[in-house]
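Visitor: Mind having a look at this structure? Questions to follow.
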Amino acid sequence: MPGRTLLAKIWDQHVIARISEDTDLLHIDRHLLHDLGGSRGLLDLKSRGLKVHDPELTFATPDHAISTARGRAGTIKIGQELLAALRIETSASGIQMFDIDQPGQGIVHVIGPELGLSLPGCLIVCGDSHTCTHGGLGALAFGIGSSELTHVLATQALIQRRPKSMRVRFEGKIPLGVVAKDLILALIGHVGAAGGTGHAVEYAGSAIRSMPIEGRLTICNLSIEFGAKMGLIAPDETTYEYLRGRPYAPQGEMWEQAVNAWRQLPSDPDAVFDNEAIIDVEKIIPQVTWGISPEHVIGVDGRIPDPSAIGDPARRTAVETALEYMGLQPGAPIAGTPVDWVFIGSCTNSRLSDLRAAAEIAGGRKVAAGVRAWVVPGSETVKREAVAEGLDRLFIDAGFEWREPGCSMCLAANGETVSPGQRSVSTSNRNFIGRQGPQARTHLASPASAAAAAIAGAITDVRAMGR
Amino acid sequence: MPKPFNQLTAIAAPIMRSNIDTDVIIRIERLVGNNIRGTLGKWAFGSLRYLPNGSENPDFILNREPYRQAEILVTGPNFGCGSSREGAVWSLQEMGIRAVIGSGFGDIFFANCFQNGILPIVLDKAIVDSLASEIEATQGAGRIGIDLEAQTISSPSGKQHHFEIDPRRREGLLLGLDEVALTLQRDDEIRAFQAADRSARPWIYLARKSA
C-alpha cells in the first residue's frame with residue numbers, strides 16, 4: 001500500500017459517512033464567522049427553525065465591513081447594522097464573539113492561528129475564500145459559500161468531494177530581500193491562476209521547512225489565487241513552538257497527546273500526489289503584479305509585457321485588456337511606476353512579522369509627497385504587540401496612517417477604497433478589476449516592497465533600500 | 001431550496017475572457033447587508049456592463065440583443081475564480097442565468113452553483129471555443145440545448161457533446177434536493193462520530209460557553 005498524504009490523513013479522520021465513491025460527509029472542527037455573512041447565516045438558520053449544532057466549535061469576529069479608522073468613526077451604516085446583528089445572533093446562539101477593541105478581534109484568518117483555534121489536523125471552514133490561510137499550521141481549511149455556511153451551522157458537517165492532491169516543493173535558500181509573498185506570487189506567475197484548481201495543494205521543500213509560521217500562513221493564503229481552495233503545510237517543531245501556550249490550544253497532558261497525534265500527520269515519504277511542481281527559490285526576486293489577475297506577475301526588475309509580441313490571440317487580448325485597465329505602457333520597466341496609495345494589511349500580510357518587515361524599510365524615512373500610505377494591523381493583538389514595540393510611532397513618524405484592525409482596503413467592503421484611476425501597491429491578495437474600489441489599479445507585493453513603494457513614491461526594488 | 005433543473009434550450013452568451021473573478025461578477029458593496037436577495041440581478045457584471053457614468057456599455061455582450069435574453073453563459077477558463085461570495089451566483093441567477101459552460105471554474109463558485117440550482121458544465125476548451133464560435137456565427141440566435149438527465153448538450157448546429165457530472169450533484173439538481181435537510185437525517189451518525197472523536201481528539205472539543 002503506497003504512503004498517504006497529509007491531505008488523505010486529515011480527510012479520513014473527518015469522515016462521518018461515505019456519500020459516494022469520492023464524496024464524504026465530513027466533520028467540521030472549527031467554523032469561523034465574520035460580519036459580512038455570519039449574521040445572515042444565523043438568521044437563515046433561524047428562519048428554517050433550526051439551531052446551531054455546536055456553538056462551542058463556532059467563533060465570530062467582525063472584520064470585513066467595520067471601519068479601521070480611529071474610534072471606528074467611519075463605519076458605514078450597513079456595517080454598523082451587520083455588527084449589531086452579529087452581536088445579537090451570536091449571543092442568542094451561545095457563540096463566542098471577539099468584538100472590536102477586545103483581544104481576539106481581527107481579520108478572521110489572523111485570529112484563528114493567533115488564538116490557537118486553528119490547529120494541525122483540524123478541519124476549518126469559514127465563509128471566506130482565504131480560509132486556506134489556516135493550512136499554514138497543518139489544518140485542512142477552506143472557504144465556503146452562504147449555503148454551505150448554513151449547512152455547517154445546522155449540522156457541524158459538510159458534504160465534500162475529495163480533491164486531487166498536488167505538492168509544490170519550494171527548494172533552496174531564500175535570497176535576501178525575498179519573502180513568502182514573493183515565493184507564492186512567483187508560483188502563481190509560473191503555473192497560472194488555475195494551476196491548483198480542483199486540488200488541495202501541499203507546500204513542501206527546504207524553503208518551507210525553514211520558514212516561520214507567519215510566512216507559511218502567507219503562502220497558504222494565496223492558494224485560492226492559485227486556484228486551490230485548500231493549501232496546507234505539514235506541521236513540525238516550528239508549528240508546535242508557535243502554538244504552545246496559545247489561549248485555545250490544548251494545555252498540559254492534552255498538549256502532549258495532541259502533539260503526538262500531529263506528528264503522525266505529515267505525508268509519508270512514499271506518498272503519491274496527483275500533481276507536482278518544484279520551484280527553485282534561489283532564482284526568485286521580489287515580485288510585483290502588473291495586471292488584473294495574480295498570474296500577471298513579474299520580478300521587480302522586469303518589464304511590462306508587450307501584447308504585440310504575443311502570438312496567441314486570447315492571451316494577447318487578455319494582456320491588452322489588463323494593460324488598458326492598469327494604465328501601463330507595454331515594454332516599460334515596472335520599477336519606477338508612480339503610485340498614489342500604499343496599503344499594508346489584509347489576511348495575507350498584516351501579522352507582526354509583516355509589520356516589522358515594512359517598518360525596517362520605513363523607519364527613519366518619509367512617505368513620498370502625494371502618496372497615501374496605510375498600515376492596518378491584522379488583529380487587536382497584532383496592534384497591541386506592534387504598539388509595544390513602537391512600530392505605530394515609527395510608521396506615523398514616517399508619514400503612514402496607523403489604523404485599527406480589519407480587512408479594510410483589501411476588498412473595500414467597508415467603504416475604504418482607492419479612488420478611481422489611482423494606483424495602489426497593496427500587500428493584499430487580489431489585483432482584480434475594481435477590487436480596491438471602482439477603477440482602482442492594484443499592484444500586489446510584499447510588505448517590505450509596499451513600504452519601499454511608499455517611500456519612493458513608485459514601484460521600486462526593495463533590495464536597494466534594505467539595511 | 002434550489003429549483004429542479006432538467007432540460008433547457010436557450011440563448012447563450014459567450015464571455016470568453018479568462019479569469020473572470022467573482023469580484024467582476026458582483027462587486028462587494030452590493031453584497032453588504034442581510035437583505036440583498038432579489039436586488040443583485042441588475043448589478044451582475046456591473047464593472048463590464050455599465051460605463052463609469054452609470055449608463056449601459058453598448059459593447060458588453062449582455063447589453064446586446066439577443067444576448068439580453070441569455071439563460072446560459074459560455075465562459076473562458078477559470079470563470080468564477082476568487083472570492084467565495086455566493087452573491088456571484090445569486091446575481092447571475094437573478095439576471096436569468098440557469099447554466100454556465102466552461103473549461104474550468106473556480107472551485108468555490110462551482111460548488112455554490114449547485115447550491116442554487118445552477119448547472120455548471122465542464123467541457124474541453126476546444127469544445128467550449130467551438131460553441132462560442134457557433135453562437136457568434138449565428139449572432140446569438142443559435143440556441144444551446146442542455147439535457148441533464150442524458151448529460152448532453154447540443155450546439156446551435158446540432159452537434160451533440162456528452163458532459164461529465166458528479167452523480168450526486170446531478171441527482172440534487174434534477175430533484176432540487178435540500179442538502180441541509182438530507183444531512184440532518186444523518187444526525188445520529190454525526191453525534192456518534194463526535195462521541196468517538198471526543199476521546200480520540202479531545203483537544204478539538206472546547207467547553208460550551210455559558211450563555
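Just so we're on the same page: first chain in the C-alpha cells is A, next is B, and so on; residues restart at 1 for each chain, and ligands are numbered from 1 in the order they show up.
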Output as a list in words the set of chain A residues within 6 Å of chain B, with distances taken over only C-alpha atoms.
Guide: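 Listed by rising number, the hits are Ile16, Arg40, Glu56, Gly94, Asp128, Ser129, Gly145, Ser146, His151, Pro250 and Ala413 of chain A.
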Visitor: Using the selection just defined, write its residues with N, CA and C atoms as a PDB file, in the first residue's frame.
Guide:
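Resulting contents of selection35.pdb:
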```pdb
ATOM      1  N   ILE A  16     -17.515  11.219   8.472  1.00  0.00           N
ATOM      2  CA  ILE A  16     -18.652  10.735   9.269  1.00  0.00           C
ATOM      3  C   ILE A  16     -19.352   9.621   8.501  1.00  0.00           C
ATOM      4  N   ARG A  40     -26.114  36.711   8.670  1.00  0.00           N
ATOM      5  CA  ARG A  40     -27.006  36.233   7.604  1.00  0.00           C
ATOM      6  C   ARG A  40     -27.228  34.724   7.736  1.00  0.00           C
ATOM      7  N   GLU A  56     -20.005  25.737  20.486  1.00  0.00           N
ATOM      8  CA  GLU A  56     -18.674  25.823  21.090  1.00  0.00           C
ATOM      9  C   GLU A  56     -17.560  25.571  20.071  1.00  0.00           C
ATOM     10  N   GLY A  94     -25.160  31.330  21.667  1.00  0.00           N
ATOM     11  CA  GLY A  94     -24.076  30.870  22.535  1.00  0.00           C
ATOM     12  C   GLY A  94     -22.745  30.726  21.823  1.00  0.00           C
ATOM     13  N   ASP A 128     -15.394  32.489   3.618  1.00  0.00           N
ATOM     14  CA  ASP A 128     -14.403  33.404   3.044  1.00  0.00           C
ATOM     15  C   ASP A 128     -13.341  32.569   2.350  1.00  0.00           C
ATOM     16  N   SER A 129     -13.024  32.935   1.123  1.00  0.00           N
ATOM     17  CA  SER A 129     -12.143  32.080   0.318  1.00  0.00           C
ATOM     18  C   SER A 129     -10.724  31.992   0.862  1.00  0.00           C
ATOM     19  N   GLY A 145     -19.405  28.888   0.592  1.00  0.00           N
ATOM     20  CA  GLY A 145     -20.422  29.880   0.279  1.00  0.00           C
ATOM     21  C   GLY A 145     -21.484  29.942   1.363  1.00  0.00           C
ATOM     22  N   SER A 146     -22.481  30.799   1.139  1.00  0.00           N
ATOM     23  CA  SER A 146     -23.520  31.021   2.150  1.00  0.00           C
ATOM     24  C   SER A 146     -24.335  29.762   2.428  1.00  0.00           C
ATOM     25  N   HIS A 151     -25.396  25.117   6.155  1.00  0.00           N
ATOM     26  CA  HIS A 151     -25.296  23.663   6.337  1.00  0.00           C
ATOM     27  C   HIS A 151     -24.413  23.327   7.539  1.00  0.00           C
ATOM     28  N   PRO A 250      -4.516  23.162  23.168  1.00  0.00           N
ATOM     29  CA  PRO A 250      -4.564  22.268  24.330  1.00  0.00           C
ATOM     30  C   PRO A 250      -3.398  22.553  25.276  1.00  0.00           C
ATOM     31  N   ALA A 413     -14.968  46.537   1.407  1.00  0.00           N
ATOM     32  CA  ALA A 413     -16.374  46.301   1.743  1.00  0.00           C
ATOM     33  C   ALA A 413     -16.887  47.331   2.735  1.00  0.00           C
TER      34      ALA A 413
END
```
Visitor: Please provide the set of residues having any atom within 12 Å of Leu83 of chain A, restricted to only C-alpha atoms, with same-chain residues fewer than 2 positions apart removed, written as a PyMOL selection string.
Guide: (chain A and resi 33-40+60-67+72+75-81+85-90+97-100+414) or (chain B and resi 32-34)
Visitor: Go ahead and write the residues just picked, N, CA and C atoms, as a compact mmCIF listing (two decimals), in the first residue's frame.
Guide:
```txt
# COMPACT_ATOMS: atom_id res chain seq x y z
N LEU A 33 -16.98 32.68 11.80
CA LEU A 33 -17.97 33.58 11.20
C LEU A 33 -17.42 35.00 11.21
N HIS A 34 -17.79 35.79 10.20
CA HIS A 34 -17.44 37.21 10.23
C HIS A 34 -18.69 38.04 9.98
N ASP A 35 -18.51 39.34 10.00
CA ASP A 35 -19.67 40.23 9.98
C ASP A 35 -20.41 40.24 8.64
N LEU A 36 -19.73 39.92 7.56
CA LEU A 36 -20.40 40.01 6.26
C LEU A 36 -21.43 38.89 6.07
N GLY A 37 -21.10 37.69 6.51
CA GLY A 37 -22.01 36.57 6.27
C GLY A 37 -22.49 35.86 7.52
N GLY A 38 -21.91 36.19 8.68
CA GLY A 38 -22.19 35.45 9.90
C GLY A 38 -23.64 35.58 10.36
N SER A 39 -24.09 36.83 10.50
CA SER A 39 -25.46 37.00 10.99
C SER A 39 -26.46 36.54 9.93
N ARG A 40 -26.11 36.71 8.67
CA ARG A 40 -27.01 36.23 7.60
C ARG A 40 -27.23 34.72 7.74
N ALA A 60 -16.84 33.89 16.17
CA ALA A 60 -17.16 35.02 15.30
C ALA A 60 -16.32 36.23 15.64
N THR A 61 -16.09 37.04 14.62
CA THR A 61 -15.44 38.34 14.82
C THR A 61 -15.82 39.26 13.67
N PRO A 62 -15.97 40.55 13.93
CA PRO A 62 -16.21 41.47 12.82
C PRO A 62 -14.89 41.89 12.19
N ASP A 63 -14.81 41.87 10.88
CA ASP A 63 -13.59 42.32 10.20
C ASP A 63 -13.87 42.98 8.85
N HIS A 64 -14.82 42.45 8.08
CA HIS A 64 -14.99 42.90 6.69
C HIS A 64 -15.57 44.31 6.55
N ALA A 65 -16.67 44.56 7.29
CA ALA A 65 -17.45 45.77 7.00
C ALA A 65 -17.27 46.86 8.05
N ILE A 66 -16.39 46.63 9.04
CA ILE A 66 -16.16 47.66 10.05
C ILE A 66 -15.11 48.64 9.54
N SER A 67 -15.20 49.86 10.04
CA SER A 67 -14.19 50.86 9.71
C SER A 67 -12.89 50.49 10.40
N ARG A 72 -13.26 53.84 15.14
CA ARG A 72 -14.22 53.21 14.22
C ARG A 72 -15.27 54.22 13.77
N THR A 75 -17.45 53.76 10.36
CA THR A 75 -18.17 52.55 9.95
C THR A 75 -19.49 52.92 9.28
N ILE A 76 -19.64 52.43 8.06
CA ILE A 76 -20.83 52.73 7.28
C ILE A 76 -22.06 52.17 7.98
N LYS A 77 -23.22 52.76 7.68
CA LYS A 77 -24.44 52.40 8.40
C LYS A 77 -24.73 50.90 8.30
N ILE A 78 -24.60 50.38 7.10
CA ILE A 78 -24.92 48.97 6.91
C ILE A 78 -23.90 48.09 7.65
N GLY A 79 -22.66 48.58 7.74
CA GLY A 79 -21.64 47.86 8.51
C GLY A 79 -21.99 47.82 9.99
N GLN A 80 -22.52 48.94 10.49
CA GLN A 80 -22.95 49.00 11.89
C GLN A 80 -24.10 48.02 12.14
N GLU A 81 -25.00 47.96 11.16
CA GLU A 81 -26.14 47.04 11.30
C GLU A 81 -25.67 45.59 11.32
N ALA A 85 -26.12 42.98 14.33
CA ALA A 85 -26.78 41.70 14.09
C ALA A 85 -25.88 40.54 14.50
N LEU A 86 -24.57 40.67 14.25
CA LEU A 86 -23.64 39.61 14.63
C LEU A 86 -23.61 39.46 16.15
N ARG A 87 -23.62 40.59 16.85
CA ARG A 87 -23.63 40.54 18.33
C ARG A 87 -24.88 39.83 18.83
N ILE A 88 -26.02 40.24 18.30
CA ILE A 88 -27.30 39.69 18.79
C ILE A 88 -27.39 38.20 18.48
N GLU A 89 -27.08 37.83 17.25
CA GLU A 89 -27.30 36.44 16.83
C GLU A 89 -26.28 35.48 17.43
N THR A 90 -25.02 35.92 17.59
CA THR A 90 -24.05 35.02 18.22
C THR A 90 -24.39 34.84 19.69
N MET A 97 -17.96 35.52 20.49
CA MET A 97 -17.61 36.55 19.52
C MET A 97 -16.49 37.41 20.08
N PHE A 98 -15.48 37.67 19.27
CA PHE A 98 -14.41 38.57 19.65
C PHE A 98 -14.74 39.94 19.07
N ASP A 99 -15.17 40.83 19.94
CA ASP A 99 -15.72 42.10 19.48
C ASP A 99 -14.62 43.16 19.33
N ILE A 100 -14.97 44.26 18.68
CA ILE A 100 -13.97 45.30 18.42
C ILE A 100 -13.42 45.85 19.74
N ASN A 414 -15.96 48.05 3.37
CA ASN A 414 -16.33 48.98 4.44
C ASN A 414 -16.28 50.42 3.97
N VAL B 32 -23.13 43.81 0.83
CA VAL B 32 -23.04 44.15 2.25
C VAL B 32 -24.45 44.39 2.76
N GLY B 33 -24.94 43.48 3.59
CA GLY B 33 -26.29 43.61 4.12
C GLY B 33 -26.96 42.26 4.20
N ASN B 34 -28.00 42.17 5.01
CA ASN B 34 -28.69 40.89 5.20
C ASN B 34 -29.94 40.75 4.34
```
Visitor: Within 9 Å of segment 152-158 of chain A, counting only C-alpha atoms, which residues show up once you throw out same-chain ones fewer than 4 positions away? Write them as a list in words, please.
Guide: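 Once the nearby chain positions are removed, what remains is Ile16, Asp24, Leu25, Leu26, His27, Ile28, Asp29, Arg30, His31, Gly41, Leu42, Leu45, Leu50, Lys51, Val52, His53, Asp54, Pro55, Leu57, Thr58, Val125, Ser147 and Glu148 of chain A; Val180, Thr183, Leu184, Asp187 and Ile190 of chain B.
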Visitor: From a backbone DSSP assignment, name each residue in segment 35-82 of chain B labelled strand (DSSP E or B), as a list in words.
Guide: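 Going through segment 35-82 of chain B, the strand (DSSP E or B) residues come out as Tyr50, Glu56, Ile72, Leu73, Val74, Thr75, Phe79 and Cys81 of chain B.
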Visitor: Write the residues of the selection above to a file with C-alpha atoms, as an mmCIF file, in the first residue's frame.
Guide:
```cif
data_model
loop_
_atom_site.group_PDB
_atom_site.id
_atom_site.type_symbol
_atom_site.label_atom_id
_atom_site.label_comp_id
_atom_site.auth_asym_id
_atom_site.auth_seq_id
_atom_site.Cartn_x
_atom_site.Cartn_y
_atom_site.Cartn_z
ATOM 1 C CA TYR B 50 -22.030 49.815 -17.118
ATOM 2 C CA GLU B 56 -25.009 50.756 -20.201
ATOM 3 C CA ILE B 72 -26.692 30.223 -20.488
ATOM 4 C CA LEU B 73 -23.184 31.662 -20.302
ATOM 5 C CA VAL B 74 -20.339 30.136 -22.289
ATOM 6 C CA THR B 75 -17.242 31.182 -20.400
ATOM 7 C CA PHE B 79 -14.577 31.642 -14.655
ATOM 8 C CA CYS B 81 -12.266 32.321 -9.559
#
```
Visitor: Could you tell me which of A:Tyr325, A:Phe142, A:Tyr248, A:Trp402 comes closest to Ala440 of chain A if we count only C-alpha atoms?
Guide: A:Tyr325
Visitor: From the list B:Gly54, B:Leu182, B:Ile61, B:Arg98, which residue is nearest Gly145 of chain B when using only C-alpha atoms?
Guide: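 Ranking B:Gly54, B:Leu182, B:Ile61, B:Arg98 by distance to Gly145 of chain B, first place goes to B:Arg98.
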Visitor: Quick one: residues within 9 Å of Leu173 of chain B, only C-alpha atoms, excluding same-chain residues fewer than 4 positions away - as a list of chain:residue names?
Guide: B:Pro2, B:Lys3, B:Pro4, B:Phe5, B:Asn6, B:Phe114, B:Gln115, B:Asn116, B:Gly117, B:Ile118, B:Leu119, B:Leu148, B:Arg168, B:Arg169, B:Leu177
Visitor: Got a sec: who's within 9 Å of Ala44 of chain B, counting only C-alpha atoms, leaving out chain neighbours fewer than 3 positions off, as a VMD selection string?
Guide: chain B and resid 24 to 27 40 to 41 47 to 49 88 90 to 92 94 to 95
Visitor: Deliver the residues from the most recent selection as a file, using N, CA and C atoms, as a PDB file, in the first residue's frame.
Guide:
```
ATOM      1  N   VAL B  24     -15.635  40.586 -10.258  1.00  0.00           N
ATOM      2  CA  VAL B  24     -16.138  41.155 -11.520  1.00  0.00           C
ATOM      3  C   VAL B  24     -17.607  40.761 -11.719  1.00  0.00           C
ATOM      4  N   ILE B  25     -17.975  39.567 -11.285  1.00  0.00           N
ATOM      5  CA  ILE B  25     -19.372  39.140 -11.419  1.00  0.00           C
ATOM      6  C   ILE B  25     -20.273  40.003 -10.522  1.00  0.00           C
ATOM      7  N   ILE B  26     -19.839  40.227  -9.291  1.00  0.00           N
ATOM      8  CA  ILE B  26     -20.635  41.115  -8.420  1.00  0.00           C
ATOM      9  C   ILE B  26     -19.703  41.851  -7.465  1.00  0.00           C
ATOM     10  N   ARG B  27     -19.810  43.162  -7.457  1.00  0.00           N
ATOM     11  CA  ARG B  27     -18.961  43.972  -6.583  1.00  0.00           C
ATOM     12  C   ARG B  27     -19.391  43.826  -5.120  1.00  0.00           C
ATOM     13  N   LEU B  40     -29.835  41.847  -6.796  1.00  0.00           N
ATOM     14  CA  LEU B  40     -28.495  41.696  -7.361  1.00  0.00           C
ATOM     15  C   LEU B  40     -28.451  41.586  -8.880  1.00  0.00           C
ATOM     16  N   GLY B  41     -29.576  41.175  -9.498  1.00  0.00           N
ATOM     17  CA  GLY B  41     -29.553  40.893 -10.931  1.00  0.00           C
ATOM     18  C   GLY B  41     -29.032  42.045 -11.759  1.00  0.00           C
ATOM     19  N   SER B  47     -19.115  46.073 -13.497  1.00  0.00           N
ATOM     20  CA  SER B  47     -17.982  46.861 -13.997  1.00  0.00           C
ATOM     21  C   SER B  47     -17.787  46.673 -15.503  1.00  0.00           C
ATOM     22  N   LEU B  48     -18.365  45.617 -16.080  1.00  0.00           N
ATOM     23  CA  LEU B  48     -18.297  45.424 -17.532  1.00  0.00           C
ATOM     24  C   LEU B  48     -19.568  45.960 -18.196  1.00  0.00           C
ATOM     25  N   ARG B  49     -20.676  45.878 -17.483  1.00  0.00           N
ATOM     26  CA  ARG B  49     -21.985  46.148 -18.062  1.00  0.00           C
ATOM     27  C   ARG B  49     -22.301  47.634 -18.120  1.00  0.00           C
ATOM     28  N   ALA B  88     -22.270  36.039  -6.088  1.00  0.00           N
ATOM     29  CA  ALA B  88     -21.933  35.969  -7.516  1.00  0.00           C
ATOM     30  C   ALA B  88     -22.938  35.074  -8.235  1.00  0.00           C
ATOM     31  N   TRP B  90     -25.945  34.204  -7.007  1.00  0.00           N
ATOM     32  CA  TRP B  90     -27.274  34.822  -6.871  1.00  0.00           C
ATOM     33  C   TRP B  90     -27.497  35.889  -7.944  1.00  0.00           C
ATOM     34  N   SER B  91     -26.460  36.684  -8.212  1.00  0.00           N
ATOM     35  CA  SER B  91     -26.634  37.771  -9.187  1.00  0.00           C
ATOM     36  C   SER B  91     -26.853  37.208 -10.590  1.00  0.00           C
ATOM     37  N   LEU B  92     -26.137  36.135 -10.923  1.00  0.00           N
ATOM     38  CA  LEU B  92     -26.350  35.502 -12.234  1.00  0.00           C
ATOM     39  C   LEU B  92     -27.773  34.935 -12.307  1.00  0.00           C
ATOM     40  N   GLU B  94     -30.362  35.857 -10.650  1.00  0.00           N
ATOM     41  CA  GLU B  94     -31.377  36.915 -10.687  1.00  0.00           C
ATOM     42  C   GLU B  94     -31.433  37.603 -12.039  1.00  0.00           C
ATOM     43  N   MET B  95     -30.375  37.494 -12.843  1.00  0.00           N
ATOM     44  CA  MET B  95     -30.476  38.034 -14.200  1.00  0.00           C
ATOM     45  C   MET B  95     -30.908  36.948 -15.188  1.00  0.00           C
TER      46      MET B  95
END
```
Visitor: In Å, how far is it from atom CA of Ala196 of chain B to atom CA of Ala261 of chain A?
Guide: 15.6 Å
